[in-house]
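Here is the structure we will look at, set down as structure tokens.
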Amino acid sequence: MELKSTEGYRVISKWLAAKDFIPFAFQEETWQHIVNKKSGLVNAPTGCGKTFSVFLGAVINFINEHPKDYQTKNKNGLQLLWITPLRALAKDIGRAMEEVIAELGMNWQIGIRNGDTTIAERAKQKRNVPEVLIITPESLHLLLAQKNYPDVFKTLQIIAVDEWHELLGSKRGVQVELALSRIIGLSIDNSKPTKKADFHSGVSVWGISATIGNLGEAREVLLSPLLQKGLDQKDFVTVSAKIDKPIKIESIFPDEIEKYPWAGHLGIKLVEKVIPIIMESRTTLIFINTRGMSEMWYQALLNACPDLAGAIALHHGSIEQDLRFWVEENLHTGNLKAVVCTASLDLGVDFRPVETVIQVGSPKGVARFLQRAGRSGHRPGEVSKIYFLPTHSLELIEAAALKDSIAINLIESREPRILCYDVLIQYLSTLAISDGFYPENILKEIRSSYCYRDITDEEWQQILNFVTSGGVALQQYDDYKKVEIIDGLYKINSRRIAMRHRMHIGTIVSDPMLKVKFLGGGYVGVIEEWFIAGMQPGDVFTLAGRTLEFVMIKDMTCIVRKSNAKKSRIPSWQGGRMPLSANLGFMLRKKFDEAAAPKSLPGEGTSKEPELAILQSLFELQEYLSHIPKQNELLIEQIETKDGFHLFVFPFEGRLVHEAMAAVLAYRLSRIKPITFSFAMNDYGFELLSDQLIPLDNDNAYRLFSSNNLFEDIQRSVNSVEMAKRKFRDIAVIGGLIFQGFPGEQKKARHLQSSASLLFNVFSEYEPNNLLLRQAYNEVMEQQMEEQRLREMLERIQKGKIIITYPRRLTPFCFPIKVDSMREDLSSEKLEERVKRMQLQLGKSIF
């Protein structure tokens with residue numbers, strides 16, 4: 001069918017023309033594919049109309065099928081299922097869709113279903129399913145847990161998965177894969193072979209993605225469940241927008257470059273340089289990498305510019321829902337001058353008034369930086385302007401590396417997850433509490449997903465045994481006999497088990513959260529249990545930009561009152577630090593080639609880009625004391641101080657790889673000579689500290705950094721059992737082995753860990769081939785240790801050159817690692833005093 005000859009296209013074109021809008025070529029291309037019942041992936045820069053490429057396609061499709069009465073037809077059943085990773089996206093997307101439907105005079109209802117949706121609204125949606133349902137992966141699985149859920153999907157035409165690049169590579173993405181396999185499977189009778197004529201019947205699937213390094217694989221993962229319909233990869237399409245979205249990146253430079261930098265302290269000192277940027281822009285988003293630092297920045301900006309009171313807001317995931325909604329609404333209407341935010345506003349919310357973005361500290365990845373830059377100039381053709389504000393001077397090299405990465409389009413890939421048994425166990429329980437499932441039919445669907453396409457018959461049987469009897473190790477305990485088999489149908493009939501399962505559907509496992517409420521009523525937000533556990537009544541902390549005095553804990557709620565105290569503790573949330581991506585690490589190493597290059601001519605300045613030029617004095621000191629490593633070099637510094645013998649290594653591969661490498665190197669050195677070490681690391685390198693001379697030199701360096709026996713050495717060098725135990729806790733929660741408690745009565749983190757450790761030990765002793773046990777060890781290797789990236793790093797070192805230097809004192813490169821090693825023993829105030837003394841001592845004339 002030719003798109004431009006259809007009634008739907010005529011209606012939409014007329015509506016767009018009335019608004020002086022001209023559709024992009026990629027949007028029209030997507031509409032054509034949707035009209036032809038194709039499935040695919042839309043790839044376009046942020047702010048270029050990806051949402052309308054699929055949503056308007058669904059509207060055109062509907063008008064084409066009902067050309068005479070598309071405006072009067074109502075209660076049409078679900079037409080478009082819109083899966084989104086963030087609740088913050090749903091409200092804005094829903095608003096945009098409602099505006100279109102109202103202006104077209106159609107009777108479609110737009111529904112939102114996520115953790116913020118009220119019980120009354122859910123009941124209303126159940127009675128009268130809206131034509132468009134915007135839903136999170138967790139809420140979609142809750143939908144599959146309802147009786148007669150197939151009725152919801154019988155009219156469904158299109159499934160759209162928004163921000164697929166964000167979901168890919170996560171267990172939430174696996175949830176989406178499984179849900180797609182079920183919805184698509186509903187239209188297939190698995191007992192009969194699929195006919196060629198049915199190839200394009202039923203539901204089509206569209207992913208919406210910003211640019212990632214493995215776009216083809218991203219499409220393959222998303223659309224894999226369609227293969228059970230007899231489709232082939234060649235039946236899928238990728239629509240890429242040929243739109244040049246200009247990005248202007250500007251670094252904010254401190255007045256003076258510290259030759260001995262340290263992480264975290266510099267950012268807040270540059271707050272005065274941020275105020276003029278905010279004042280000159282209509283609206284500015286200030287992205288902070290952690291929630292704790294966002295609280296500090298919000299206070300610092302208000303202190304520096306009291307005129308911003310009422311015009312600046314704070315947004316992060318631990319702030320109460322109504323306040324988040326208020327911030328989003330006022331961003332949309334342009335009533336706010338600035339918003340300090342975290343990743344909670346990373347994704348495609350359409351805040352058109354945003355002119356400028358400020359990134360505080362390195363985003364640690366090219367894709368994340370591009371995503372945040374795209375929040376500004378959120379209209380096609382507009383320039384996205386982003387400022388990079390370093391939290392220590394060495395981060396300016398990352399700014400230069402980011403610029404180069406964007407120029408050559410070096411974007412990170414997101415690796416898909418494989419064989420997540422915990423998510424599969426949860427999914428089977430979800431199906432078992434609704435209408436139940438027949439294993440032979442559901443296995444075909446599960447194998448149609450990318451994640452489980454290689455699951456063996458033996459593994460599948462283990463999974464079934466586990467959900468019905470608890471498996472080999474737990475078959476004596478009735479609590480683990482959840483699923484009953486009645487005439488071949490696998491079903492959960494216990495109301496208690498069903499209720500518990502519904503309450504914990506999802507794959508996001510975090511430390512228990514406490515609600516924070518005022519003594520007189522009023523909700524502030526949530527905070528992790530471990531932070532409050534260390535507080536005494538009368539202690540003061542900051543949350544949601546408010547200074548609060550801790551009163552007591554009552555019914556799993558932290559009761560507070562307002563405080564006028566000048567000093568307060570800033571909460572921190574676990575898991576706030578992101579490791580340096582492989583791509584950014586690669587570009588960072590390339591930048592050091594330029595940093596090490598001599599000036600053009602003596603006395604004529606430098607041809608280097610501004611970030612490198614301003615760091616010239618730091619580089620000169622580093623070169624004088626030690627060396628600046630080139631792209632093909634590994635720098636090792638051996639320094640003796642009153643603390644002992646230090647070995648600093650600089651691979652520039654991110655803190656996770658460095659943590660693993662530090663453990664492996666310490667183990668290999670201990671085989672040469674009995675010796676103990678303490679470790680410290682950052683994204684640039686790591687430190688081994690000992691009270692003995694460290695036996696590493698030019699004779700054994702390459703052998704010590706070899707990839708031979710790496711897997712075995714990792715297992716010997718780190719306490720992989722303890723790491724696997726911690727990882728197993730999350731797997732056990734997702735897989736339903738551990739009940740987290742009822743709302744308001746959540747179990748403490750230590751109780752959950754204790755239960756998980758007990759199960760871990762039982763499996764290890766009585767069922768060593770247990771799939772969840774195997775998964776825990778695999779996740780430690782793949783995610784926590786980044787074993788593959790570590791191996792590639794060692795192979796790169798073998799091909800390059802190892803440079804060992806013996807500086808007489810700490811160098812600009814090793815100083816931030818040394819400061820990081822002191823953080824655990826000192827408060828932030830004492831640490832700052834200690835660092836100042838060290839800087840003064842090191843800054844004494846050495847030339």
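Convention: chains lettered A, B, ... in structure tokens order; per-chain residue numbering from 1; ligands numbered from 1 as shown.
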**Message:** So that I can see what lies close to region 636-652 of chain A, please list as a VMD selection string the residues with an atom at most 10 Å from it, counting only C-alpha atoms and leaving out residues fewer than 3 positions away in the same chain.
**Reply:** chain A and resid 580 to 582 584 to 589 625 to 627 629 631 633 655 657 to 658 661 to 662 677 to 694 696 to 697 701 793 to 794 796 to 797 802 to 811 813 to 815 817 to 818
According to DSSP computed on the backbone, where in region 189-383 of chain A is there helix (DSSP H, G or I)? Give the residues as a PDB file with C-alpha atoms, in the first residue's frame.
```
ATOM      1  CA  LYS A 196       3.517 -18.019   4.697  1.00  0.00           C
ATOM      2  CA  ALA A 197       0.313 -16.010   4.256  1.00  0.00           C
ATOM      3  CA  ASP A 198       0.317 -15.241   7.984  1.00  0.00           C
ATOM      4  CA  LEU A 215      22.382  -0.890  16.376  1.00  0.00           C
ATOM      5  CA  GLY A 216      21.991  -4.022  14.230  1.00  0.00           C
ATOM      6  CA  GLU A 217      22.289  -6.315  17.230  1.00  0.00           C
ATOM      7  CA  ALA A 218      19.866  -4.088  19.179  1.00  0.00           C
ATOM      8  CA  ARG A 219      17.260  -4.641  16.460  1.00  0.00           C
ATOM      9  CA  GLU A 220      17.943  -8.380  16.377  1.00  0.00           C
ATOM     10  CA  VAL A 221      17.420  -8.705  20.156  1.00  0.00           C
ATOM     11  CA  LEU A 222      14.174  -6.715  20.167  1.00  0.00           C
ATOM     12  CA  LEU A 223      12.546  -8.391  17.183  1.00  0.00           C
ATOM     13  CA  SER A 224      13.772 -11.928  17.856  1.00  0.00           C
ATOM     14  CA  PRO A 225      10.350 -13.049  19.247  1.00  0.00           C
ATOM     15  CA  LEU A 226       8.817 -12.343  15.817  1.00  0.00           C
ATOM     16  CA  LEU A 227      10.873 -15.204  14.381  1.00  0.00           C
ATOM     17  CA  GLN A 228       8.319 -17.631  15.868  1.00  0.00           C
ATOM     18  CA  LYS A 229       5.849 -16.223  13.298  1.00  0.00           C
ATOM     19  CA  GLN A 233      15.837 -11.040   9.852  1.00  0.00           C
ATOM     20  CA  LYS A 234      15.508  -9.724   6.288  1.00  0.00           C
ATOM     21  CA  ASP A 235      11.827  -8.970   7.010  1.00  0.00           C
ATOM     22  CA  LEU A 266      36.605  21.221  42.304  1.00  0.00           C
ATOM     23  CA  GLY A 267      33.041  21.145  40.990  1.00  0.00           C
ATOM     24  CA  ILE A 268      31.334  23.094  43.762  1.00  0.00           C
ATOM     25  CA  LYS A 269      34.150  25.686  43.696  1.00  0.00           C
ATOM     26  CA  VAL A 271      29.517  27.372  41.133  1.00  0.00           C
ATOM     27  CA  GLU A 272      30.098  31.107  40.493  1.00  0.00           C
ATOM     28  CA  LYS A 273      30.917  30.293  36.856  1.00  0.00           C
ATOM     29  CA  VAL A 274      27.629  28.433  36.494  1.00  0.00           C
ATOM     30  CA  ILE A 275      25.377  31.308  37.639  1.00  0.00           C
ATOM     31  CA  PRO A 276      25.961  33.499  34.518  1.00  0.00           C
ATOM     32  CA  ILE A 277      25.244  30.514  32.240  1.00  0.00           C
ATOM     33  CA  ILE A 278      21.928  29.921  34.035  1.00  0.00           C
ATOM     34  CA  MET A 279      21.015  33.615  33.864  1.00  0.00           C
ATOM     35  CA  GLU A 280      21.766  33.871  30.145  1.00  0.00           C
ATOM     36  CA  ARG A 291      21.843  12.013  44.064  1.00  0.00           C
ATOM     37  CA  GLY A 292      24.011  13.062  47.016  1.00  0.00           C
ATOM     38  CA  MET A 293      25.992  15.545  44.912  1.00  0.00           C
ATOM     39  CA  SER A 294      22.784  16.892  43.351  1.00  0.00           C
ATOM     40  CA  GLU A 295      21.582  17.851  46.851  1.00  0.00           C
ATOM     41  CA  MET A 296      24.886  19.681  47.446  1.00  0.00           C
ATOM     42  CA  TRP A 297      24.719  21.509  44.112  1.00  0.00           C
ATOM     43  CA  TYR A 298      21.145  22.641  44.666  1.00  0.00           C
ATOM     44  CA  GLN A 299      22.113  24.202  48.009  1.00  0.00           C
ATOM     45  CA  ALA A 300      25.321  25.704  46.606  1.00  0.00           C
ATOM     46  CA  LEU A 301      23.487  27.402  43.713  1.00  0.00           C
ATOM     47  CA  LEU A 302      20.871  28.858  46.059  1.00  0.00           C
ATOM     48  CA  ASN A 303      23.570  30.117  48.421  1.00  0.00           C
ATOM     49  CA  ALA A 304      25.531  31.674  45.561  1.00  0.00           C
ATOM     50  CA  PRO A 306      19.472  33.728  46.337  1.00  0.00           C
ATOM     51  CA  ASP A 307      17.572  35.306  43.412  1.00  0.00           C
ATOM     52  CA  LEU A 308      17.125  31.802  42.034  1.00  0.00           C
ATOM     53  CA  GLN A 321       6.308  11.744  43.390  1.00  0.00           C
ATOM     54  CA  ASP A 322       4.197  14.924  43.544  1.00  0.00           C
ATOM     55  CA  LEU A 323       7.284  17.130  43.690  1.00  0.00           C
ATOM     56  CA  ARG A 324       8.842  15.309  40.720  1.00  0.00           C
ATOM     57  CA  PHE A 325       5.635  15.810  38.747  1.00  0.00           C
ATOM     58  CA  TRP A 326       5.618  19.491  39.691  1.00  0.00           C
ATOM     59  CA  VAL A 327       9.201  19.906  38.455  1.00  0.00           C
ATOM     60  CA  GLU A 328       8.445  18.122  35.179  1.00  0.00           C
ATOM     61  CA  GLU A 329       5.298  20.206  34.615  1.00  0.00           C
ATOM     62  CA  ASN A 330       7.094  23.483  35.274  1.00  0.00           C
ATOM     63  CA  LEU A 331       9.992  22.463  33.060  1.00  0.00           C
ATOM     64  CA  HIS A 332       7.518  21.803  30.273  1.00  0.00           C
ATOM     65  CA  THR A 333       5.850  25.195  30.684  1.00  0.00           C
ATOM     66  CA  ALA A 343      19.808  10.338  35.398  1.00  0.00           C
ATOM     67  CA  SER A 344      16.124  10.720  36.376  1.00  0.00           C
ATOM     68  CA  LEU A 345      15.857  13.235  33.486  1.00  0.00           C
ATOM     69  CA  VAL A 366      29.980   8.959  25.100  1.00  0.00           C
ATOM     70  CA  ALA A 367      26.381   7.759  24.665  1.00  0.00           C
ATOM     71  CA  ARG A 368      25.326   9.153  28.044  1.00  0.00           C
ATOM     72  CA  PHE A 369      26.932  12.523  27.251  1.00  0.00           C
ATOM     73  CA  LEU A 370      25.140  12.684  23.877  1.00  0.00           C
ATOM     74  CA  GLN A 371      21.837  11.747  25.523  1.00  0.00           C
ATOM     75  CA  ARG A 372      22.178  14.563  28.026  1.00  0.00           C
ATOM     76  CA  ALA A 373      23.341  17.063  25.408  1.00  0.00           C
TER      77      ALA A 373
END
```
**Asked** In terms of the shortest atom-to-atom distance over only C-alpha atoms, which of A:Tyr490, A:Met1, A:Cys420, A:Gln461 is closest to Ala776 (chain A)?
**Response**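 Looking at the shortest contact to Ala776 (chain A), the residue is A:Cys420.
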**Message:** Using only C-alpha atoms, which protein or nucleic acid residues come within 10 Å of Glu787 (chain A)? Drop anything in the same chain fewer than 2 positions from it, and give the result as a PyMOL selection string.
**Reply:** chain A and resi 656-657+660-661+710-711+714+778+780-785+789-793
Write a file of the just-selected residues containing N, CA and C atoms, as an mmCIF file, in the first residue's frame.
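The resulting result_14.cif:
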```cif
data_model
loop_
_atom_site.group_PDB
_atom_site.id
_atom_site.type_symbol
_atom_site.label_atom_id
_atom_site.label_comp_id
_atom_site.auth_asym_id
_atom_site.auth_seq_id
_atom_site.Cartn_x
_atom_site.Cartn_y
_atom_site.Cartn_z
ATOM 1 N N LEU A 656 36.252 -0.701 37.521
ATOM 2 C CA LEU A 656 35.942 -2.122 37.688
ATOM 3 C C LEU A 656 37.080 -2.997 37.172
ATOM 4 N N VAL A 657 37.596 -2.652 35.996
ATOM 5 C CA VAL A 657 38.734 -3.399 35.437
ATOM 6 C C VAL A 657 39.953 -3.238 36.329
ATOM 7 N N ALA A 660 39.777 -5.429 39.466
ATOM 8 C CA ALA A 660 40.112 -6.828 39.174
ATOM 9 C C ALA A 660 41.605 -6.987 38.918
ATOM 10 N N MET A 661 42.178 -6.063 38.142
ATOM 11 C CA MET A 661 43.603 -6.161 37.797
ATOM 12 C C MET A 661 44.480 -5.995 39.030
ATOM 13 N N LEU A 710 44.319 -16.220 33.122
ATOM 14 C CA LEU A 710 43.649 -15.077 33.741
ATOM 15 C C LEU A 710 42.439 -15.518 34.559
ATOM 16 N N PHE A 711 41.601 -16.360 33.981
ATOM 17 C CA PHE A 711 40.380 -16.777 34.675
ATOM 18 C C PHE A 711 40.714 -17.434 36.016
ATOM 19 N N ILE A 714 42.039 -14.833 38.507
ATOM 20 C CA ILE A 714 40.966 -14.003 39.076
ATOM 21 C C ILE A 714 40.302 -14.767 40.222
ATOM 22 N N ASN A 778 28.758 -16.198 37.058
ATOM 23 C CA ASN A 778 28.899 -15.597 35.726
ATOM 24 C C ASN A 778 28.745 -14.084 35.783
ATOM 25 N N VAL A 780 29.330 -12.113 38.294
ATOM 26 C CA VAL A 780 30.518 -11.533 38.931
ATOM 27 C C VAL A 780 31.615 -11.336 37.896
ATOM 28 N N MET A 781 31.846 -12.364 37.090
ATOM 29 C CA MET A 781 32.912 -12.302 36.083
ATOM 30 C C MET A 781 32.606 -11.271 34.990
ATOM 31 N N GLU A 782 31.392 -11.303 34.492
ATOM 32 C CA GLU A 782 31.048 -10.486 33.325
ATOM 33 C C GLU A 782 30.815 -9.024 33.676
ATOM 34 N N GLN A 783 30.170 -8.775 34.827
ATOM 35 C CA GLN A 783 29.779 -7.400 35.148
ATOM 36 C C GLN A 783 30.681 -6.760 36.191
ATOM 37 N N GLN A 784 30.936 -7.482 37.264
ATOM 38 C CA GLN A 784 31.706 -6.877 38.347
ATOM 39 C C GLN A 784 33.198 -6.868 38.041
ATOM 40 N N MET A 785 33.677 -7.969 37.456
ATOM 41 C CA MET A 785 35.106 -8.051 37.151
ATOM 42 C C MET A 785 35.403 -7.618 35.714
ATOM 43 N N ARG A 789 36.862 -7.480 29.160
ATOM 44 C CA ARG A 789 37.561 -6.205 28.950
ATOM 45 C C ARG A 789 38.957 -6.246 29.577
ATOM 46 N N LEU A 790 39.089 -6.902 30.719
ATOM 47 C CA LEU A 790 40.389 -7.054 31.374
ATOM 48 C C LEU A 790 41.333 -7.862 30.482
ATOM 49 N N ARG A 791 40.815 -8.924 29.884
ATOM 50 C CA ARG A 791 41.621 -9.767 28.998
ATOM 51 C C ARG A 791 42.115 -8.950 27.798
ATOM 52 N N GLU A 792 41.199 -8.170 27.203
ATOM 53 C CA GLU A 792 41.573 -7.348 26.047
ATOM 54 C C GLU A 792 42.615 -6.305 26.430
ATOM 55 N N MET A 793 42.513 -5.763 27.644
ATOM 56 C CA MET A 793 43.491 -4.790 28.126
ATOM 57 C C MET A 793 44.876 -5.429 28.230
#
```
So that I can see what lies close to region 38-55 of chain A, please list as a PDB file with N, CA, C and O atoms, in the first residue's frame the residues with an atom at most 7 Å from it, counting only C-alpha atoms and leaving out residues fewer than 3 positions away in the same chain.
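That gives us around.pdb:
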```pdb
ATOM      1  N   GLN A  27      10.416   9.884   9.305  1.00  0.00           N
ATOM      2  CA  GLN A  27       9.082   9.675   9.860  1.00  0.00           C
ATOM      3  C   GLN A  27       8.147   9.086   8.801  1.00  0.00           C
ATOM      4  O   GLN A  27       7.428   8.113   9.065  1.00  0.00           O
ATOM      5  N   THR A  30       8.966   5.485   8.202  1.00  0.00           N
ATOM      6  CA  THR A  30       8.432   4.623   9.262  1.00  0.00           C
ATOM      7  C   THR A  30       6.934   4.413   9.074  1.00  0.00           C
ATOM      8  O   THR A  30       6.428   3.287   9.206  1.00  0.00           O
ATOM      9  N   TRP A  31       6.205   5.486   8.758  1.00  0.00           N
ATOM     10  CA  TRP A  31       4.753   5.354   8.527  1.00  0.00           C
ATOM     11  C   TRP A  31       4.467   4.358   7.408  1.00  0.00           C
ATOM     12  O   TRP A  31       3.542   3.568   7.505  1.00  0.00           O
ATOM     13  N   HIS A  33       6.291   1.812   6.466  1.00  0.00           N
ATOM     14  CA  HIS A  33       6.532   0.450   6.955  1.00  0.00           C
ATOM     15  C   HIS A  33       5.407  -0.015   7.887  1.00  0.00           C
ATOM     16  O   HIS A  33       5.015  -1.187   7.853  1.00  0.00           O
ATOM     17  N   ILE A  34       4.904   0.905   8.729  1.00  0.00           N
ATOM     18  CA  ILE A  34       3.822   0.544   9.654  1.00  0.00           C
ATOM     19  C   ILE A  34       2.560   0.191   8.866  1.00  0.00           C
ATOM     20  O   ILE A  34       1.863  -0.789   9.184  1.00  0.00           O
ATOM     21  N   ALA A  58       0.778   4.678  13.996  1.00  0.00           N
ATOM     22  CA  ALA A  58      -0.349   3.916  14.558  1.00  0.00           C
ATOM     23  C   ALA A  58      -1.674   4.624  14.277  1.00  0.00           C
ATOM     24  O   ALA A  58      -2.690   3.976  13.974  1.00  0.00           O
ATOM     25  N   VAL A  59      -1.676   5.945  14.365  1.00  0.00           N
ATOM     26  CA  VAL A  59      -2.895   6.723  14.088  1.00  0.00           C
ATOM     27  C   VAL A  59      -3.275   6.597  12.612  1.00  0.00           C
ATOM     28  O   VAL A  59      -4.449   6.374  12.267  1.00  0.00           O
ATOM     29  N   HIS A 200       2.655 -11.420   7.847  1.00  0.00           N
ATOM     30  CA  HIS A 200       2.492 -10.038   8.269  1.00  0.00           C
ATOM     31  C   HIS A 200       1.172  -9.803   8.990  1.00  0.00           C
ATOM     32  O   HIS A 200       0.684  -8.671   9.040  1.00  0.00           O
ATOM     33  N   SER A 204       2.722  -5.818  15.104  1.00  0.00           N
ATOM     34  CA  SER A 204       4.078  -5.466  14.675  1.00  0.00           C
ATOM     35  C   SER A 204       4.793  -4.776  15.830  1.00  0.00           C
ATOM     36  O   SER A 204       4.154  -4.193  16.714  1.00  0.00           O
ATOM     37  N   VAL A 205       6.117  -4.851  15.827  1.00  0.00           N
ATOM     38  CA  VAL A 205       6.931  -4.339  16.939  1.00  0.00           C
ATOM     39  C   VAL A 205       7.895  -3.289  16.404  1.00  0.00           C
ATOM     40  O   VAL A 205       8.562  -3.506  15.382  1.00  0.00           O
ATOM     41  N   TRP A 206       7.957  -2.157  17.116  1.00  0.00           N
ATOM     42  CA  TRP A 206       8.879  -1.078  16.728  1.00  0.00           C
ATOM     43  C   TRP A 206       9.698  -0.626  17.933  1.00  0.00           C
ATOM     44  O   TRP A 206       9.147  -0.300  18.984  1.00  0.00           O
ATOM     45  N   GLY A 207      11.001  -0.657  17.771  1.00  0.00           N
ATOM     46  CA  GLY A 207      11.891  -0.101  18.783  1.00  0.00           C
ATOM     47  C   GLY A 207      12.227   1.337  18.431  1.00  0.00           C
ATOM     48  O   GLY A 207      12.278   1.701  17.253  1.00  0.00           O
ATOM     49  N   ILE A 208      12.428   2.142  19.447  1.00  0.00           N
ATOM     50  CA  ILE A 208      12.820   3.539  19.257  1.00  0.00           C
ATOM     51  C   ILE A 208      14.115   3.740  20.025  1.00  0.00           C
ATOM     52  O   ILE A 208      14.172   3.516  21.240  1.00  0.00           O
ATOM     53  N   SER A 209      15.162   4.133  19.329  1.00  0.00           N
ATOM     54  CA  SER A 209      16.484   4.134  19.959  1.00  0.00           C
ATOM     55  C   SER A 209      17.311   5.330  19.521  1.00  0.00           C
ATOM     56  O   SER A 209      17.261   5.737  18.363  1.00  0.00           O
ATOM     57  N   ALA A 210      18.056   5.864  20.467  1.00  0.00           N
ATOM     58  CA  ALA A 210      19.121   6.801  20.109  1.00  0.00           C
ATOM     59  C   ALA A 210      20.282   5.959  19.569  1.00  0.00           C
ATOM     60  O   ALA A 210      20.228   4.735  19.550  1.00  0.00           O
ATOM     61  N   THR A 211      21.331   6.616  19.138  1.00  0.00           N
ATOM     62  CA  THR A 211      22.443   5.905  18.510  1.00  0.00           C
ATOM     63  C   THR A 211      23.245   5.111  19.544  1.00  0.00           C
ATOM     64  O   THR A 211      23.604   5.625  20.597  1.00  0.00           O
ATOM     65  N   ARG A 219      18.476  -4.288  17.197  1.00  0.00           N
ATOM     66  CA  ARG A 219      17.260  -4.641  16.460  1.00  0.00           C
ATOM     67  C   ARG A 219      17.010  -6.139  16.518  1.00  0.00           C
ATOM     68  O   ARG A 219      15.883  -6.595  16.721  1.00  0.00           O
ATOM     69  N   PHE A 236      12.830  -7.504   8.696  1.00  0.00           N
ATOM     70  CA  PHE A 236      12.862  -6.380   9.631  1.00  0.00           C
ATOM     71  C   PHE A 236      13.584  -5.191   9.000  1.00  0.00           C
ATOM     72  O   PHE A 236      14.489  -5.355   8.179  1.00  0.00           O
ATOM     73  N   VAL A 237      13.203  -3.991   9.423  1.00  0.00           N
ATOM     74  CA  VAL A 237      13.797  -2.789   8.834  1.00  0.00           C
ATOM     75  C   VAL A 237      14.414  -1.916   9.927  1.00  0.00           C
ATOM     76  O   VAL A 237      13.997  -1.954  11.080  1.00  0.00           O
ATOM     77  N   THR A 238      15.423  -1.151   9.542  1.00  0.00           N
ATOM     78  CA  THR A 238      15.980  -0.103  10.400  1.00  0.00           C
ATOM     79  C   THR A 238      15.799   1.219   9.678  1.00  0.00           C
ATOM     80  O   THR A 238      16.207   1.369   8.533  1.00  0.00           O
ATOM     81  N   VAL A 239      15.153   2.155  10.361  1.00  0.00           N
ATOM     82  CA  VAL A 239      14.933   3.484   9.790  1.00  0.00           C
ATOM     83  C   VAL A 239      15.846   4.452  10.533  1.00  0.00           C
ATOM     84  O   VAL A 239      15.705   4.654  11.738  1.00  0.00           O
ATOM     85  N   SER A 240      16.797   5.016   9.802  1.00  0.00           N
ATOM     86  CA  SER A 240      17.739   5.956  10.426  1.00  0.00           C
ATOM     87  C   SER A 240      17.480   7.365   9.911  1.00  0.00           C
ATOM     88  O   SER A 240      17.316   7.572   8.704  1.00  0.00           O
ATOM     89  N   ALA A 241      17.432   8.300  10.851  1.00  0.00           N
ATOM     90  CA  ALA A 241      17.206   9.695  10.474  1.00  0.00           C
ATOM     91  C   ALA A 241      18.503  10.295   9.950  1.00  0.00           C
ATOM     92  O   ALA A 241      19.531  10.239  10.624  1.00  0.00           O
ATOM     93  N   LYS A 245      22.322  16.830  13.821  1.00  0.00           N
ATOM     94  CA  LYS A 245      21.946  17.524  15.051  1.00  0.00           C
ATOM     95  C   LYS A 245      23.209  18.129  15.640  1.00  0.00           C
ATOM     96  O   LYS A 245      24.008  17.450  16.278  1.00  0.00           O
ATOM     97  N   GLY A 348      14.114  10.544  27.009  1.00  0.00           N
ATOM     98  CA  GLY A 348      13.442  11.426  26.058  1.00  0.00           C
ATOM     99  C   GLY A 348      12.305  12.299  26.482  1.00  0.00           C
ATOM    100  O   GLY A 348      11.335  12.409  25.755  1.00  0.00           O
ATOM    101  N   GLN A 371      23.232  11.784  25.069  1.00  0.00           N
ATOM    102  CA  GLN A 371      21.837  11.747  25.523  1.00  0.00           C
ATOM    103  C   GLN A 371      21.513  13.014  26.311  1.00  0.00           C
ATOM    104  O   GLN A 371      20.477  13.648  26.111  1.00  0.00           O
ATOM    105  N   GLY A 374      21.423  16.157  24.221  1.00  0.00           N
ATOM    106  CA  GLY A 374      20.200  16.231  23.429  1.00  0.00           C
ATOM    107  C   GLY A 374      19.005  16.762  24.181  1.00  0.00           C
ATOM    108  O   GLY A 374      17.976  17.091  23.572  1.00  0.00           O
ATOM    109  N   HIS A 378      15.844  21.075  22.061  1.00  0.00           N
ATOM    110  CA  HIS A 378      15.027  19.894  21.795  1.00  0.00           C
ATOM    111  C   HIS A 378      14.044  20.127  20.646  1.00  0.00           C
ATOM    112  O   HIS A 378      12.870  19.799  20.715  1.00  0.00           O
ATOM    113  N   ARG A 379      14.541  20.734  19.592  1.00  0.00           N
ATOM    114  CA  ARG A 379      13.772  20.867  18.353  1.00  0.00           C
ATOM    115  C   ARG A 379      14.706  20.561  17.199  1.00  0.00           C
ATOM    116  O   ARG A 379      15.891  20.884  17.256  1.00  0.00           O
ATOM    117  N   PRO A 380      14.192  19.966  16.145  1.00  0.00           N
ATOM    118  CA  PRO A 380      15.036  19.681  14.987  1.00  0.00           C
ATOM    119  C   PRO A 380      15.693  20.944  14.452  1.00  0.00           C
ATOM    120  O   PRO A 380      15.058  21.990  14.331  1.00  0.00           O
TER     121      PRO A 380
END
```
**Of the listed residues A:Met822, A:Leu410, A:Ile486, A:Ile425, that which approaches Ile463 (chain A) most closely, counting only C-alpha atoms** = A:Ile425
**Request:** For Ile738 (chain A), please output as a PyMOL selection string all residues within 9 Å (counting only C-alpha atoms; exclusion window: fewer than 6 positions along the same chain).
**Result:** chain A and resi 729+732+752+755-756
**Request:** Please give the complete set of residues from region 589-644 of chain A that DSSP, run on the backbone, assigns to strand (DSSP E or B), formatted as a list in words.
**Result:** Glu633, Leu634, Leu635, Ile636, Glu637, Gln638, Ile639, Glu640, Thr641 and Gly644 of chain A
**Request:** Skip Ile257 (chain A) itself and residues of its chain fewer than 3 positions away, then list as a PyMOL selection string all residues within 12 Å of it, counting only C-alpha atoms.
**Result:** chain A and resi 252-254+260-262+266+390-396+611-619+812
